[in-house]
Structure formats: C-alpha cells, structure tokens
Amino acid sequence: MSELFGQWLHAVIYTGIVCSIAMLLTPEGRVKKALAIICAVVMCAAVASPIAKLDFDAYSKAMARYELDAEKYIGKGEDYSKNLNRSIIEDKCRAYILDKADEIGAELSEVTVTAQWSSDGYWYPHEAEIVSSAADDQKSRLSDYIQTQLGISISDQNWSDEANDR
C-alpha cells in the first residue's frame, strides 16, 4: 500500500516539475494559455491515476471480508461483556452476603455465588455456597437475607461447616 502511494506521489511530483519547466520555457501568448490547459489536464490525470488502477472486484471482496471480521469481533465483544456482567453480579452478591454476615456477627470462611443466564437475556444470582461455623440462628437470619434480598432460594443455598470440610 505504501509502495503504491509512493509511486503515485512521484508521478504527481514529476508531472508538476515537467509542467512547471514547460510553462517557464513557453513565451507569453496563446501557446502558453493552451499549454496551461494541457498541464492542468495532465496534473488531474496524475492525481486521479490511482483510481484508474483500482481493482473494484478485489475492493468489494476486501470490504465483505472486513464486514465479516467486524461481525466476528462484535460477537466476541458481546460474549466478553456478558461474562464481565456475570462476574460483577457474582462479586456484588458475594460482598452483600459478607456485609450482612458481618452485621449479624456471623463469621464466614468462604462465600461463592454463581449467576445463571435467564431466558429473558440477563444474569441473575442463582446459587450460593457458604462455608461457616456460625450459630444456627445466625445462619437462618443470613439465609433469609439471601433469599429475600438476592432471590437465591433456600434450596439453592449450600451451607457447610468448617469442621466438616477438614
């Protein structure tokens, strides 16, 4: 591409130099006016010469290929965005559970929230895995918060004790 541009630039420069020399050497009068018109036409041809060499079939194929590539990258971007949204939802729900546990004095060793894709086209918190040695009443209160505030049903909350995991 840069080679083609360089050739075009040289053609325009050389044509301009030849036309300038011809105009300097030509005496005033009708001949100089005719030469000025001829030089203008030659300069226009030199400037427009890349258009004459343009392969329109190759151009249309390249444009179609670029459009397909753009669609592919758009799809990848949408997938990345969906995964990023999923991570954000899972992290915010995890942080909410940890904050609520701190409020009620329950100690949690580990919290994992899993989001699921809905048929309506969005991520929502679906399941929670919680490792805790908290008292049963604290677990019950926290479980109610998780169900009412995050929408994760009690059946989708998996509680385990630290003592059982060791």
# chains A, B, ... in the order shown; residues from 1 in each chain; ligands from 1
>>> select_by_dssp(residues="chain A", states="helix (DSSP H, G or I)", output="PyMOL selection string")
chain A and resi 2-25+30-53+56-104+136-150+154-156+162-165
>>> select_by_dssp(residues="chain A", states="strand (DSSP E)", output="PyMOL selection string")
chain A and resi 108-117+123-132+157-160
>>> residues_around(residues="Pro125 of chain A", least_positions_apart="2", cutoff="8 Å", atoms="only C-alpha atoms", output="MDAnalysis selection string")
chainID A and resid 89:90 93 113:116 123 127 150:152
>>> write_last_selection(atoms="N, CA, C and O atoms", output="short mmCIF file (atom, residue, chain, number, x, y, z; two decimals), in the first residue's frame")
data_model
loop_
_atom_site.label_atom_id
_atom_site.label_comp_id
_atom_site.auth_asym_id
_atom_site.auth_seq_id
_atom_site.Cartn_x
_atom_site.Cartn_y
_atom_site.Cartn_z
N ILE A 89 -21.94 -9.31 38.89
CA ILE A 89 -23.10 -9.71 39.70
C ILE A 89 -22.69 -10.68 40.79
O ILE A 89 -23.09 -10.53 41.95
N GLU A 90 -21.86 -11.66 40.44
CA GLU A 90 -21.41 -12.62 41.44
C GLU A 90 -20.61 -11.95 42.55
O GLU A 90 -20.80 -12.23 43.73
N CYS A 93 -22.95 -9.77 44.83
CA CYS A 93 -23.76 -10.62 45.71
C CYS A 93 -22.90 -11.21 46.82
O CYS A 93 -23.33 -11.28 47.99
N VAL A 113 -20.86 -17.22 44.98
CA VAL A 113 -22.17 -17.01 44.37
C VAL A 113 -22.03 -17.33 42.89
O VAL A 113 -21.08 -16.89 42.24
N THR A 114 -22.97 -18.08 42.37
CA THR A 114 -22.98 -18.44 40.96
C THR A 114 -24.19 -17.80 40.29
O THR A 114 -25.33 -17.97 40.76
N ALA A 115 -23.94 -17.07 39.21
CA ALA A 115 -25.02 -16.45 38.45
C ALA A 115 -25.41 -17.37 37.30
O ALA A 115 -24.61 -18.17 36.82
N GLN A 116 -26.66 -17.25 36.88
CA GLN A 116 -27.17 -18.07 35.79
C GLN A 116 -27.82 -17.16 34.75
O GLN A 116 -28.38 -16.12 35.09
N TRP A 123 -28.14 -11.95 33.44
CA TRP A 123 -27.59 -12.79 34.52
C TRP A 123 -28.31 -12.49 35.82
O TRP A 123 -28.64 -11.34 36.10
N GLU A 127 -27.18 -19.42 42.82
CA GLU A 127 -26.77 -20.37 43.84
C GLU A 127 -25.69 -19.75 44.71
O GLU A 127 -24.88 -18.95 44.24
N LEU A 150 -31.49 -11.19 47.58
CA LEU A 150 -30.79 -11.60 46.37
C LEU A 150 -31.60 -12.55 45.49
O LEU A 150 -31.25 -12.78 44.34
N GLY A 151 -32.66 -13.11 46.07
CA GLY A 151 -33.52 -14.01 45.29
C GLY A 151 -32.96 -15.42 45.15
O GLY A 151 -33.42 -16.17 44.31
N ILE A 152 -31.98 -15.76 45.96
CA ILE A 152 -31.44 -17.13 45.93
C ILE A 152 -32.24 -17.95 46.92
O ILE A 152 -32.19 -17.71 48.13
#
>>> closest_residue(among="A:Val18, A:Ala11, A:Met23, A:Val31", to="Ala45 of chain A", atoms="only C-alpha atoms")
A:Ala11
>>> residues_around(residues="Tyr145 of chain A", least_positions_apart="3", cutoff="12 Å", atoms="only C-alpha atoms", output="ChimeraX atom specification")
/A:93,96-101,103-104,138-142,148-154,157
>>> atom_distance(atom1="atom CA of Ser160 of chain A", atom2="atom CA of Ala128 of chain A")
11.1 Å
>>> closest_residue(among="A:Tyr124, A:Ala22, A:Lys76, A:Glu67", to="Ile38 of chain A", atoms="only C-alpha atoms")
A:Ala22
>>> atom_distance(atom1="atom CA of Asp161 of chain A", atom2="atom CA of Glu110 of chain A")
10.3 Å
>>> residues_around(residues="Trp8 of chain A", least_positions_apart="6", cutoff="9 Å", atoms="only C-alpha atoms", output="list in words")
Ala46, Val47, Ser49 and Pro50 of chain A
>>> write_last_selection(atoms="N, CA and C atoms", output="compact mmCIF listing (two decimals), in the first residue's frame")
# COMPACT_ATOMS: atom_id res chain seq x y z
N ALA A 46 -2.71 12.77 -13.39
CA ALA A 46 -1.71 12.22 -12.47
C ALA A 46 -2.31 12.05 -11.06
N VAL A 47 -3.10 13.01 -10.64
CA VAL A 47 -3.71 12.93 -9.32
C VAL A 47 -4.75 11.80 -9.27
N SER A 49 -4.82 9.08 -11.14
CA SER A 49 -4.32 7.80 -11.67
C SER A 49 -4.54 6.60 -10.75
N PRO A 50 -4.49 6.72 -9.42
CA PRO A 50 -4.76 5.54 -8.58
C PRO A 50 -6.18 5.00 -8.74
>>> closest_residue(among="A:Ala40, A:Val111, A:Asp120, A:Ala95", to="Cys19 of chain A", atoms="only C-alpha atoms")
A:Ala40
